$ cat entry_4.cif   # mmCIF, C-alpha atoms
data_final
loop_
_atom_site.label_atom_id
_atom_site.label_comp_id
_atom_site.auth_asym_id
_atom_site.auth_seq_id
_atom_site.Cartn_x
_atom_site.Cartn_y
_atom_site.Cartn_z
CA MET Y 24 0.00 0.00 0.00
CA ASP Y 25 1.10 3.55 -0.71
CA HIS Y 26 1.12 5.31 2.64
CA ARG Y 27 -0.24 8.78 3.35
CA PRO Y 28 0.88 11.55 5.70
CA LEU Y 29 -0.95 11.94 9.00
CA GLY Y 30 -1.24 15.64 9.61
CA ARG Y 31 2.08 17.28 10.40
CA THR Y 32 3.33 14.36 12.52
CA GLY Y 33 5.89 13.21 9.96
CA TRP Y 34 4.27 9.76 9.98
CA ASN Y 35 3.11 8.07 6.82
CA ILE Y 36 0.34 5.60 7.57
CA SER Y 37 -1.47 2.86 5.68
CA PRO Y 38 -4.58 4.28 3.96
CA ILE Y 39 -6.51 1.20 5.00
CA SER Y 40 -5.72 0.89 8.69
CA TYR Y 41 -7.22 -1.12 11.55
CA GLY Y 42 -10.12 -0.04 13.72
CA ALA Y 43 -9.95 -1.93 16.99
CA TRP Y 44 -13.38 -1.21 18.47
CA ALA Y 45 -14.77 -4.62 17.52
CA ILE Y 46 -12.00 -6.63 19.20
CA GLY Y 47 -12.73 -4.92 22.51
CA GLY Y 48 -15.68 -7.27 22.78
CA ASP Y 49 -18.30 -4.89 24.13
CA ALA Y 50 -20.24 -3.52 21.17
CA TRP Y 51 -19.98 -5.91 18.23
CA GLY Y 52 -21.04 -9.23 19.69
CA LYS Y 53 -18.82 -12.15 20.67
CA THR Y 54 -15.09 -12.00 20.09
CA ASP Y 55 -12.25 -14.49 20.36
CA ASP Y 56 -8.90 -13.10 21.53
CA VAL Y 57 -6.92 -15.71 19.62
CA GLU Y 58 -8.71 -14.84 16.40
CA SER Y 59 -8.46 -11.11 17.16
CA LEU Y 60 -4.70 -11.40 17.49
CA ARG Y 61 -4.48 -13.39 14.27
CA SER Y 62 -6.43 -10.61 12.60
CA LEU Y 63 -4.07 -7.96 13.98
CA HIS Y 64 -0.99 -9.90 12.91
CA ARG Y 65 -2.38 -10.40 9.43
CA ALA Y 66 -2.95 -6.65 9.13
CA ILE Y 67 0.71 -6.00 9.91
CA ASP Y 68 1.75 -8.72 7.46
CA LEU Y 69 -0.18 -6.87 4.75
CA GLY Y 70 1.45 -3.51 5.43
CA VAL Y 71 -0.92 -1.91 7.92
CA ASN Y 72 1.05 0.26 10.35
CA PHE Y 73 -1.71 2.24 12.08
CA ILE Y 74 -4.26 1.00 14.61
CA ASP Y 75 -7.05 3.03 16.19
CA THR Y 76 -8.43 2.09 19.60
CA ALA Y 77 -9.84 3.70 22.77
CA ASP Y 78 -9.60 3.24 26.51
CA VAL Y 79 -13.29 2.28 26.68
CA TYR Y 80 -13.20 -0.44 24.02
CA GLY Y 81 -13.77 -3.44 26.24
CA ASP Y 82 -12.72 -1.28 29.23
CA GLY Y 83 -9.13 -1.33 27.95
CA HIS Y 84 -9.20 -4.86 26.53
CA SER Y 85 -8.57 -3.63 22.99
CA GLU Y 86 -5.55 -1.61 24.14
CA ARG Y 87 -4.13 -4.64 25.95
CA LEU Y 88 -4.48 -6.85 22.87
CA ILE Y 89 -2.59 -4.25 20.85
CA ALA Y 90 0.16 -4.19 23.49
CA GLN Y 91 0.51 -7.95 23.05
CA LEU Y 92 0.71 -7.49 19.28
CA ARG Y 93 3.50 -4.95 19.68
CA ARG Y 94 5.44 -7.33 21.89
CA GLU Y 95 5.25 -9.96 19.18
CA ARG Y 96 6.23 -7.77 16.21
CA LYS Y 97 9.36 -5.88 15.25
CA GLU Y 98 7.73 -3.43 12.86
CA GLU Y 99 6.84 0.11 13.88
CA ILE Y 100 3.13 0.13 14.72
CA ILE Y 101 1.57 3.53 15.33
CA VAL Y 102 -1.31 3.37 17.79
CA ALA Y 103 -3.95 6.03 18.28
CA THR Y 104 -6.12 5.78 21.36
CA LYS Y 105 -8.83 7.97 22.83
CA ALA Y 106 -9.79 9.43 26.19
CA GLY Y 107 -12.76 11.12 27.78
CA ARG Y 108 -15.62 8.65 27.51
CA ARG Y 109 -14.79 7.19 30.91
CA LEU Y 110 -16.20 10.31 32.52
CA ASN Y 111 -19.46 9.80 34.36
CA PRO Y 112 -21.22 12.10 33.89
CA HIS Y 113 -19.74 12.83 30.47
CA VAL Y 114 -19.69 16.62 30.76
CA ALA Y 115 -17.27 19.32 29.67
CA ALA Y 116 -16.40 20.22 33.27
CA GLY Y 117 -14.86 16.76 33.66
CA PHE Y 118 -12.08 17.47 31.17
CA THR Y 119 -9.65 18.52 33.87
CA LYS Y 120 -5.91 18.05 34.12
CA GLN Y 121 -6.41 15.47 36.85
CA ASN Y 122 -8.88 13.39 34.85
CA LEU Y 123 -7.10 13.59 31.51
CA THR Y 124 -3.77 12.71 33.12
CA ALA Y 125 -5.36 9.70 34.83
CA PHE Y 126 -6.85 8.50 31.55
CA VAL Y 127 -3.49 8.88 29.82
CA GLU Y 128 -1.65 7.01 32.56
CA ARG Y 129 -4.15 4.15 32.33
CA SER Y 130 -3.70 3.88 28.56
CA LEU Y 131 0.07 3.99 28.96
CA ARG Y 132 -0.19 0.96 31.24
CA ASN Y 133 -2.61 -0.86 28.96
CA LEU Y 134 -0.45 -0.25 25.90
CA GLU Y 135 2.79 -0.92 27.81
CA THR Y 136 4.50 2.19 26.53
CA ASP Y 137 6.11 5.35 27.87
CA ALA Y 138 4.34 7.71 25.45
CA LEU Y 139 1.09 7.49 23.52
CA ASP Y 140 1.62 7.98 19.80
CA LEU Y 141 -1.63 9.85 19.25
CA LEU Y 142 -4.28 10.67 21.84
CA GLN Y 143 -7.71 11.73 20.61
CA LEU Y 144 -10.36 13.38 22.72
CA HIS Y 145 -13.20 10.86 22.42
CA CYS Y 146 -16.27 12.69 21.09
CA PRO Y 147 -16.25 15.19 23.95
CA PRO Y 148 -19.26 17.33 24.85
CA PRO Y 149 -19.60 20.33 22.52
CA GLY Y 150 -18.51 22.79 25.17
CA VAL Y 151 -14.98 21.34 25.24
CA TYR Y 152 -14.19 22.88 21.85
CA ASP Y 153 -14.56 26.32 23.42
CA MET Y 154 -12.23 25.48 26.33
CA PRO Y 155 -8.66 26.32 25.26
CA GLU Y 156 -7.46 25.18 28.67
CA VAL Y 157 -8.29 21.58 27.70
CA PHE Y 158 -6.02 21.77 24.67
CA GLY Y 159 -3.43 23.43 26.88
CA ILE Y 160 -3.52 20.35 29.13
CA LEU Y 161 -2.82 18.20 26.07
CA ASP Y 162 0.08 20.50 25.15
CA ASP Y 163 1.46 20.01 28.65
CA LEU Y 164 1.17 16.23 28.33
CA VAL Y 165 3.11 16.41 25.06
CA ALA Y 166 5.78 18.54 26.76
CA ALA Y 167 5.94 16.02 29.61
CA GLY Y 168 6.61 13.19 27.13
CA LYS Y 169 3.33 11.38 27.82
CA LEU Y 170 1.97 12.04 24.32
CA ARG Y 171 3.66 12.44 20.99
CA PHE Y 172 0.71 14.10 19.28
CA TYR Y 173 -2.99 14.67 19.81
CA GLY Y 174 -6.20 15.09 17.86
CA VAL Y 175 -9.93 14.77 18.28
CA SER Y 176 -12.67 12.31 17.44
CA VAL Y 177 -15.93 14.12 16.73
CA GLU Y 178 -19.58 13.49 15.96
CA TYR Y 179 -20.36 16.70 14.06
CA VAL Y 180 -18.67 18.61 11.26
CA GLU Y 181 -19.23 21.80 13.21
CA GLU Y 182 -17.23 20.34 16.13
CA ALA Y 183 -14.43 19.40 13.76
CA LEU Y 184 -14.25 22.94 12.45
CA ARG Y 185 -14.02 24.29 15.99
CA ALA Y 186 -11.30 21.79 16.89
CA ALA Y 187 -9.30 22.77 13.81
CA ARG Y 188 -8.78 26.23 15.32
CA TYR Y 189 -6.29 24.81 17.83
CA PRO Y 190 -2.78 24.87 16.32
CA ASN Y 191 -1.53 21.53 17.66
CA VAL Y 192 -4.48 19.38 16.59
CA GLN Y 193 -2.90 16.88 14.19
CA SER Y 194 -5.86 14.69 13.30
CA ILE Y 195 -9.64 14.71 13.20
CA GLN Y 196 -11.52 11.43 13.29
CA ILE Y 197 -15.01 11.68 11.85
CA ILE Y 198 -17.64 9.44 10.29
CA PHE Y 199 -17.05 9.60 6.54
CA ASN Y 200 -18.46 7.16 4.03
CA MET Y 201 -20.82 6.97 1.02
CA PHE Y 202 -23.67 7.86 3.39
CA ARG Y 203 -21.88 10.82 5.02
CA LEU Y 204 -20.64 13.35 2.47
CA LYS Y 205 -20.89 16.52 4.55
CA PRO Y 206 -17.25 16.34 5.75
CA ALA Y 207 -16.01 16.46 2.14
CA GLU Y 208 -18.09 19.56 1.47
CA GLU Y 209 -17.46 21.61 4.60
CA LEU Y 210 -14.46 20.20 6.49
CA PHE Y 211 -11.95 18.96 3.94
CA PRO Y 212 -11.09 22.40 2.50
CA VAL Y 213 -10.16 23.54 6.03
CA VAL Y 214 -8.03 20.53 6.95
CA ARG Y 215 -6.28 20.68 3.59
CA GLU Y 216 -5.16 24.23 4.35
CA LYS Y 217 -4.17 23.45 7.92
CA ARG Y 218 -2.56 20.08 7.09
CA ILE Y 219 -4.70 18.14 9.56
CA GLY Y 220 -5.11 14.42 8.89
CA ILE Y 221 -8.58 12.89 8.52
CA LEU Y 222 -9.27 9.45 10.00
CA ALA Y 223 -12.45 8.11 8.43
CA ARG Y 224 -14.33 6.02 10.95
CA VAL Y 225 -17.47 3.92 10.44
CA PRO Y 226 -16.36 3.63 6.80
CA LEU Y 227 -18.84 0.84 6.06
CA ALA Y 228 -21.78 2.42 7.92
CA SER Y 229 -21.78 -0.34 10.55
CA GLY Y 230 -21.91 -2.98 7.84
CA LEU Y 231 -24.63 -1.45 5.66
CA LEU Y 232 -22.05 -0.67 2.98
CA SER Y 233 -20.59 -4.16 3.17
CA GLY Y 234 -23.45 -5.33 0.98
CA LYS Y 235 -23.93 -8.35 3.23
CA LEU Y 236 -26.87 -7.18 5.35
CA ARG Y 237 -30.46 -8.01 4.51
CA ARG Y 238 -33.86 -7.04 5.82
CA ASP Y 239 -33.96 -10.20 7.94
CA SER Y 240 -30.39 -9.87 9.31
CA THR Y 241 -30.22 -10.19 13.09
CA PHE Y 242 -27.62 -8.97 15.56
CA GLU Y 243 -26.45 -10.29 18.90
CA PRO Y 244 -27.74 -8.58 22.06
CA ARG Y 245 -24.28 -7.08 22.73
CA ASP Y 246 -24.05 -5.68 19.19
CA HIS Y 247 -24.82 -1.94 19.07
CA ARG Y 248 -26.68 -2.51 15.80
CA ASN Y 249 -29.25 -4.24 17.97
CA TYR Y 250 -29.40 -1.92 20.98
CA ASN Y 251 -28.50 1.53 19.60
CA ARG Y 252 -30.82 1.82 16.59
CA HIS Y 253 -32.36 4.96 18.07
CA GLY Y 254 -29.40 6.28 20.08
CA GLU Y 255 -30.28 4.48 23.31
CA ALA Y 256 -26.63 4.06 24.39
CA PHE Y 257 -24.67 6.71 22.43
CA ASP Y 258 -25.04 8.99 19.42
CA VAL Y 259 -27.32 7.30 16.91
CA GLY Y 260 -25.02 8.46 14.13
CA GLU Y 261 -22.51 5.81 15.20
CA THR Y 262 -24.97 3.05 14.22
CA PHE Y 263 -25.55 2.69 10.46
CA SER Y 264 -24.26 6.29 10.19
CA GLY Y 265 -27.68 7.44 11.39
CA VAL Y 266 -29.35 6.14 8.23
CA ASP Y 267 -32.69 4.36 8.45
CA TYR Y 268 -31.94 0.65 7.98
CA GLU Y 269 -34.42 0.00 5.17
CA THR Y 270 -33.37 3.16 3.33
CA GLY Y 271 -29.72 2.14 3.63
CA LEU Y 272 -30.37 -1.30 2.20
CA GLN Y 273 -32.17 0.20 -0.78
CA ALA Y 274 -29.35 2.68 -1.41
CA VAL Y 275 -26.80 -0.14 -1.33
CA GLU Y 276 -28.69 -1.93 -4.10
CA GLU Y 277 -28.45 1.22 -6.20
CA LEU Y 278 -24.70 1.34 -5.60
CA ARG Y 279 -24.02 -2.37 -6.10
CA PRO Y 280 -23.67 -2.15 -9.93
CA LEU Y 281 -20.54 0.00 -9.38
CA VAL Y 282 -18.62 -2.92 -7.80
CA PRO Y 283 -15.77 -4.05 -10.08
CA ALA Y 284 -15.54 -7.70 -11.11
CA GLY Y 285 -13.82 -9.75 -8.42
CA ALA Y 286 -14.36 -7.09 -5.74
CA THR Y 287 -16.95 -6.64 -3.00
CA MET Y 288 -19.30 -3.84 -2.06
CA ALA Y 289 -17.25 -3.22 1.07
CA GLN Y 290 -14.06 -2.84 -0.95
CA LEU Y 291 -15.74 -0.40 -3.30
CA ALA Y 292 -16.95 1.65 -0.32
CA LEU Y 293 -13.46 1.76 1.17
CA ARG Y 294 -11.84 2.62 -2.15
CA TRP Y 295 -14.33 5.47 -2.56
CA ILE Y 296 -13.08 6.98 0.70
CA LEU Y 297 -9.51 6.87 -0.57
CA MET Y 298 -10.50 9.01 -3.56
CA PHE Y 299 -10.27 11.98 -1.18
CA PRO Y 300 -6.62 12.99 -0.62
CA GLU Y 301 -7.51 14.72 2.66
CA VAL Y 302 -8.14 11.29 4.19
CA SER Y 303 -5.04 9.90 5.87
CA ALA Y 304 -6.70 6.54 6.52
CA ALA Y 305 -9.98 4.72 6.64
CA ILE Y 306 -10.20 2.59 9.77
CA PRO Y 307 -12.57 -0.34 9.17
CA GLY Y 308 -12.93 -2.86 11.95
CA ALA Y 309 -12.13 -6.55 11.73
CA LYS Y 310 -12.62 -9.50 14.06
CA ASN Y 311 -10.95 -12.20 11.95
CA VAL Y 312 -8.29 -12.73 9.33
CA GLN Y 313 -10.73 -12.85 6.41
CA GLN Y 314 -12.20 -9.47 7.26
CA THR Y 315 -8.72 -7.99 7.59
CA GLU Y 316 -7.64 -9.34 4.21
CA ASP Y 317 -10.82 -8.14 2.54
CA ASN Y 318 -10.40 -4.65 3.97
CA VAL Y 319 -6.77 -4.27 2.92
CA ARG Y 320 -7.45 -5.45 -0.63
CA ALA Y 321 -9.61 -2.36 -1.13
CA ALA Y 322 -6.45 -0.30 -1.52
CA ASP Y 323 -5.58 -2.30 -4.65
CA LEU Y 324 -8.78 -1.44 -6.50
CA PRO Y 325 -8.46 1.02 -9.40
CA PRO Y 326 -9.66 4.58 -8.78
CA LEU Y 327 -13.36 5.21 -9.26
CA THR Y 328 -14.24 6.98 -12.49
CA PRO Y 329 -15.88 10.41 -12.54
CA GLU Y 330 -19.10 8.68 -13.61
CA GLN Y 331 -18.94 6.32 -10.62
CA MET Y 332 -18.28 9.18 -8.24
CA LYS Y 333 -21.28 11.01 -9.69
CA THR Y 334 -23.49 7.97 -9.17
CA VAL Y 335 -22.52 7.84 -5.49
CA ARG Y 336 -23.30 11.53 -5.17
CA ASP Y 337 -26.66 11.12 -6.91
CA VAL Y 338 -27.72 8.26 -4.63
CA TYR Y 339 -26.66 10.29 -1.60
CA ASP Y 340 -28.46 13.42 -2.73
CA ARG Y 341 -31.65 11.55 -3.53
CA SER Y 342 -31.94 9.05 -0.67
CA ILE Y 343 -29.53 9.88 2.15
CA ARG Y 344 -28.92 13.62 2.28
CA PRO Y 345 -32.42 14.49 3.57
CA LEU Y 346 -31.93 12.09 6.49
CA VAL Y 347 -28.41 12.91 7.72
CA HIS Y 348 -26.84 15.97 6.14
CA HIS Y 349 -28.44 18.52 8.45
CA ARG Y 350 -27.86 16.40 11.56
CA TRP Y 351 -24.13 15.74 11.61
#
$ encode --input "entry_4.cif" --output "structure tokens"
Amino acid sequence: MDHRPLGRTGWNISPISYGAWAIGGDAWGKTDDVESLRSLHRAIDLGVNFIDTADVYGDGHSERLIAQLRRERKEEIIVATKAGRRLNPHVAAGFTKQNLTAFVERSLRNLETDALDLLQLHCPPPGVYDMPEVFGILDDLVAAGKLRFYGVSVEYVEEALRAARYPNVQSIQIIFNMFRLKPAEELFPVVREKRIGILARVPLASGLLSGKLRRDSTFEPRDHRNYNRHGEAFDVGETFSGVDYETGLQAVEELRPLVPAGATMAQLALRWILMFPEVSAAIPGAKNVQQTEDNVRAADLPPLTPEQMKTVRDVYDRSIRPLVHHRW
């Protein structure tokens, strides 16, 4: 894979990287640690050098699996983690030096490292983006050698634009896929100018864009696609990108003819994301070796044609835009 720069960090990362939410074992149904580690190892074998996780994925379980992977590999593996969702209540006033330092120290232990490569504020309350003292705390943690760099993970484009005002924000993680085009319209021109890397999360719209889901598909009780359809546990935009399930299935059928011979719908959806140079990496999840291999192969697909890009835009404008564009 041709690697891409991540902000101004000096790192070049794999454009298809590894999202480690699923292997935490708390929001995507059953997991198997042995298979999760095989999946991680296979990603590194295939050239992936960037993994995204968070301190709340399995209450640190995902971070600890990644630490084990690092012990077993010689390659440089850049790990981004997140902090802030452990707060209860999850309010802006909780983003104090004491709390953020405690979260960082916990992740340092979980990841068995002296400095976190990239720390991202984990979808903080909107008020945090108007609290320069919070970003000053992160600057202090960089100066203390606890962090190398920091960024933010956001729900809304408007939050991303506010975060981009802070000079040391290196990355913005945001939902970006064929069902979420607003970032390309309103955020990408700003990050291009400021040289901030984009990490595209939920790239397959929680599986909708994999092309494998059907109207009668069922999900395990611990799978957020079962329990967060209406935002019962966290922002509804994290589940199916906030798109109505039936509407999403219909849109996928309109997009399916674009899939090249020998490829999958999921690979097309990932390759579409890579058409945007502002994206440093898409971070699809994987729980087994097959999923990892399928994800990485997306980088080998030829670029989409202008006609294909227009078809994606037309489907979005007709079926998806009225549902999500104004919300996130």
$ closest_residue --input "entry_4.cif" --among "Y:Asp75, Y:Asp323, Y:Asp340, Y:Glu178" --to "Glu261 (chain Y)" --atoms "only C-alpha atoms"
Y:Glu178
$ resolve_selection --input "entry_4.cif" --expression "the PyMOL selection byres ((chain Y and resi 154) around 12)" --output "VMD selection string"
chain Y and resid 115 to 119 147 to 153 155 to 161 185 to 186 188 to 189
$ resolve_selection --input "entry_4.cif" --expression "the PyMOL selection byres ((chain Y and resi 94-111) around 6)" --output "PyMOL selection string"
chain Y and resi 72-77+91-93+112-113+140-145
$ closest_residue --input "entry_4.cif" --among "Y:Pro226, Y:Gly81, Y:Pro190, Y:Pro326" --to "Ala50 (chain Y)" --atoms "only C-alpha atoms"
Y:Gly81
$ resolve_selection --input "entry_4.cif" --expression "the PyMOL selection byres ((chain Y and resi 259) around 12)" --output "ChimeraX atom specification"
/Y:178,198,228-229,247-258,260-267,347,350-351
$ write_last_selection --input "entry_4.cif" --atoms "C-alpha atoms" --output "CSV table (one decimal), keeping the file's coordinate frame"
chain,number,residue,atom,x,y,z
Y,178,GLU,CA,-19.6,13.5,16.0
Y,198,ILE,CA,-17.6,9.4,10.3
Y,228,ALA,CA,-21.8,2.4,7.9
Y,229,SER,CA,-21.8,-0.3,10.6
Y,247,HIS,CA,-24.8,-1.9,19.1
Y,248,ARG,CA,-26.7,-2.5,15.8
Y,249,ASN,CA,-29.2,-4.2,18.0
Y,250,TYR,CA,-29.4,-1.9,21.0
Y,251,ASN,CA,-28.5,1.5,19.6
Y,252,ARG,CA,-30.8,1.8,16.6
Y,253,HIS,CA,-32.4,5.0,18.1
Y,254,GLY,CA,-29.4,6.3,20.1
Y,255,GLU,CA,-30.3,4.5,23.3
Y,256,ALA,CA,-26.6,4.1,24.4
Y,257,PHE,CA,-24.7,6.7,22.4
Y,258,ASP,CA,-25.0,9.0,19.4
Y,260,GLY,CA,-25.0,8.5,14.1
Y,261,GLU,CA,-22.5,5.8,15.2
Y,262,THR,CA,-25.0,3.0,14.2
Y,263,PHE,CA,-25.6,2.7,10.5
Y,264,SER,CA,-24.3,6.3,10.2
Y,265,GLY,CA,-27.7,7.4,11.4
Y,266,VAL,CA,-29.4,6.1,8.2
Y,267,ASP,CA,-32.7,4.4,8.4
Y,347,VAL,CA,-28.4,12.9,7.7
Y,350,ARG,CA,-27.9,16.4,11.6
Y,351,TRP,CA,-24.1,15.7,11.6
$ closest_residue --input "entry_4.cif" --among "Y:Asp82, Y:Glu208, Y:Asp163, Y:Asp25" --to "Gly70 (chain Y)" --atoms "all atoms listed in the file"
Y:Asp25
$ atom_distance --input "entry_4.cif" --atom1 "CA of Ala90 (chain Y)" --atom2 "CA of Glu135 (chain Y)"
6.0 Å
$ atom_distance --input "entry_4.cif" --atom1 "CA of Ile343 (chain Y)" --atom2 "CA of Met201 (chain Y)"
9.3 Å
$ closest_residue --input "entry_4.cif" --among "Y:Ser303, Y:Arg132, Y:Gly230, Y:Asp317" --to "Trp34 (chain Y)" --atoms "only C-alpha atoms"
Y:Ser303
$ residues_around --input "entry_4.cif" --residues "Pro28 (chain Y)" --least-positions-apart "5" --cutoff "12 Å" --atoms "all atoms listed in the file" --output "ChimeraX atom specification"
/Y:33-38,73,193-194,215,218-222,300-304
$ atom_distance --input "entry_4.cif" --atom1 "CA of Glu216 (chain Y)" --atom2 "CA of Gly42 (chain Y)"
26.5 Å
$ residues_around --input "entry_4.cif" --residues "Ala183 (chain Y)" --least-positions-apart "3" --cutoff "8 Å" --atoms "all atoms listed in the file" --output "compact mmCIF listing (two decimals) with C-alpha atoms, in the coordinates of the input"
# COMPACT_ATOMS: atom_id res chain seq x y z
CA VAL Y 175 -9.93 14.77 18.28
CA VAL Y 177 -15.93 14.12 16.73
CA TYR Y 179 -20.36 16.70 14.06
CA VAL Y 180 -18.67 18.61 11.26
CA ALA Y 186 -11.30 21.79 16.89
CA ALA Y 187 -9.30 22.77 13.81
CA ILE Y 195 -9.64 14.71 13.20
CA ILE Y 197 -15.01 11.68 11.85
CA LEU Y 210 -14.46 20.20 6.49
$ closest_residue --input "entry_4.cif" --among "Y:Leu281, Y:Val71, Y:Val127, Y:Ala223" --to "Lys333 (chain Y)" --atoms "all atoms listed in the file"
Y:Leu281
$ closest_residue --input "entry_4.cif" --among "Y:Leu346, Y:Val57, Y:Leu170, Y:Ile306" --to "Leu131 (chain Y)" --atoms "only C-alpha atoms"
Y:Leu170
$ residues_around --input "entry_4.cif" --residues "Leu291 (chain Y)" --least-positions-apart "3" --cutoff "12 Å" --atoms "all atoms listed in the file" --output "ChimeraX atom specification"
/Y:200-201,226-227,232-234,275,278-288,294-298,317-328,331-332,335
$ decode --input "entry_4.cif" --residues "region 165-221 of chain Y" --atoms "C-alpha atoms" --output "PDB file, in the first residue's frame"
ATOM      1  CA  VAL Y 165       3.115  16.411  25.064  1.00  0.00           C
ATOM      2  CA  ALA Y 166       5.776  18.541  26.757  1.00  0.00           C
ATOM      3  CA  ALA Y 167       5.944  16.016  29.607  1.00  0.00           C
ATOM      4  CA  GLY Y 168       6.613  13.189  27.126  1.00  0.00           C
ATOM      5  CA  LYS Y 169       3.334  11.384  27.820  1.00  0.00           C
ATOM      6  CA  LEU Y 170       1.965  12.035  24.318  1.00  0.00           C
ATOM      7  CA  ARG Y 171       3.664  12.445  20.989  1.00  0.00           C
ATOM      8  CA  PHE Y 172       0.714  14.102  19.285  1.00  0.00           C
ATOM      9  CA  TYR Y 173      -2.991  14.666  19.813  1.00  0.00           C
ATOM     10  CA  GLY Y 174      -6.197  15.088  17.865  1.00  0.00           C
ATOM     11  CA  VAL Y 175      -9.934  14.766  18.283  1.00  0.00           C
ATOM     12  CA  SER Y 176     -12.675  12.308  17.435  1.00  0.00           C
ATOM     13  CA  VAL Y 177     -15.929  14.123  16.730  1.00  0.00           C
ATOM     14  CA  GLU Y 178     -19.578  13.490  15.964  1.00  0.00           C
ATOM     15  CA  TYR Y 179     -20.355  16.696  14.056  1.00  0.00           C
ATOM     16  CA  VAL Y 180     -18.668  18.611  11.256  1.00  0.00           C
ATOM     17  CA  GLU Y 181     -19.230  21.803  13.214  1.00  0.00           C
ATOM     18  CA  GLU Y 182     -17.232  20.339  16.128  1.00  0.00           C
ATOM     19  CA  ALA Y 183     -14.425  19.399  13.762  1.00  0.00           C
ATOM     20  CA  LEU Y 184     -14.252  22.944  12.447  1.00  0.00           C
ATOM     21  CA  ARG Y 185     -14.023  24.289  15.993  1.00  0.00           C
ATOM     22  CA  ALA Y 186     -11.299  21.794  16.888  1.00  0.00           C
ATOM     23  CA  ALA Y 187      -9.304  22.771  13.807  1.00  0.00           C
ATOM     24  CA  ARG Y 188      -8.777  26.230  15.316  1.00  0.00           C
ATOM     25  CA  TYR Y 189      -6.288  24.809  17.829  1.00  0.00           C
ATOM     26  CA  PRO Y 190      -2.780  24.866  16.322  1.00  0.00           C
ATOM     27  CA  ASN Y 191      -1.532  21.527  17.658  1.00  0.00           C
ATOM     28  CA  VAL Y 192      -4.482  19.377  16.593  1.00  0.00           C
ATOM     29  CA  GLN Y 193      -2.904  16.884  14.190  1.00  0.00           C
ATOM     30  CA  SER Y 194      -5.862  14.690  13.301  1.00  0.00           C
ATOM     31  CA  ILE Y 195      -9.636  14.706  13.199  1.00  0.00           C
ATOM     32  CA  GLN Y 196     -11.515  11.435  13.295  1.00  0.00           C
ATOM     33  CA  ILE Y 197     -15.005  11.675  11.850  1.00  0.00           C
ATOM     34  CA  ILE Y 198     -17.640   9.441  10.285  1.00  0.00           C
ATOM     35  CA  PHE Y 199     -17.045   9.601   6.542  1.00  0.00           C
ATOM     36  CA  ASN Y 200     -18.461   7.159   4.027  1.00  0.00           C
ATOM     37  CA  MET Y 201     -20.815   6.971   1.020  1.00  0.00           C
ATOM     38  CA  PHE Y 202     -23.669   7.858   3.393  1.00  0.00           C
ATOM     39  CA  ARG Y 203     -21.881  10.819   5.023  1.00  0.00           C
ATOM     40  CA  LEU Y 204     -20.639  13.351   2.468  1.00  0.00           C
ATOM     41  CA  LYS Y 205     -20.885  16.516   4.546  1.00  0.00           C
ATOM     42  CA  PRO Y 206     -17.245  16.343   5.748  1.00  0.00           C
ATOM     43  CA  ALA Y 207     -16.013  16.460   2.145  1.00  0.00           C
ATOM     44  CA  GLU Y 208     -18.094  19.559   1.467  1.00  0.00           C
ATOM     45  CA  GLU Y 209     -17.460  21.612   4.601  1.00  0.00           C
ATOM     46  CA  LEU Y 210     -14.459  20.198   6.488  1.00  0.00           C
ATOM     47  CA  PHE Y 211     -11.950  18.955   3.935  1.00  0.00           C
ATOM     48  CA  PRO Y 212     -11.093  22.403   2.499  1.00  0.00           C
ATOM     49  CA  VAL Y 213     -10.164  23.541   6.025  1.00  0.00           C
ATOM     50  CA  VAL Y 214      -8.027  20.532   6.950  1.00  0.00           C
ATOM     51  CA  ARG Y 215      -6.282  20.676   3.587  1.00  0.00           C
ATOM     52  CA  GLU Y 216      -5.163  24.229   4.347  1.00  0.00           C
ATOM     53  CA  LYS Y 217      -4.166  23.452   7.924  1.00  0.00           C
ATOM     54  CA  ARG Y 218      -2.561  20.079   7.088  1.00  0.00           C
ATOM     55  CA  ILE Y 219      -4.699  18.144   9.558  1.00  0.00           C
ATOM     56  CA  GLY Y 220      -5.115  14.422   8.886  1.00  0.00           C
ATOM     57  CA  ILE Y 221      -8.576  12.885   8.522  1.00  0.00           C
TER      58      ILE Y 221
END
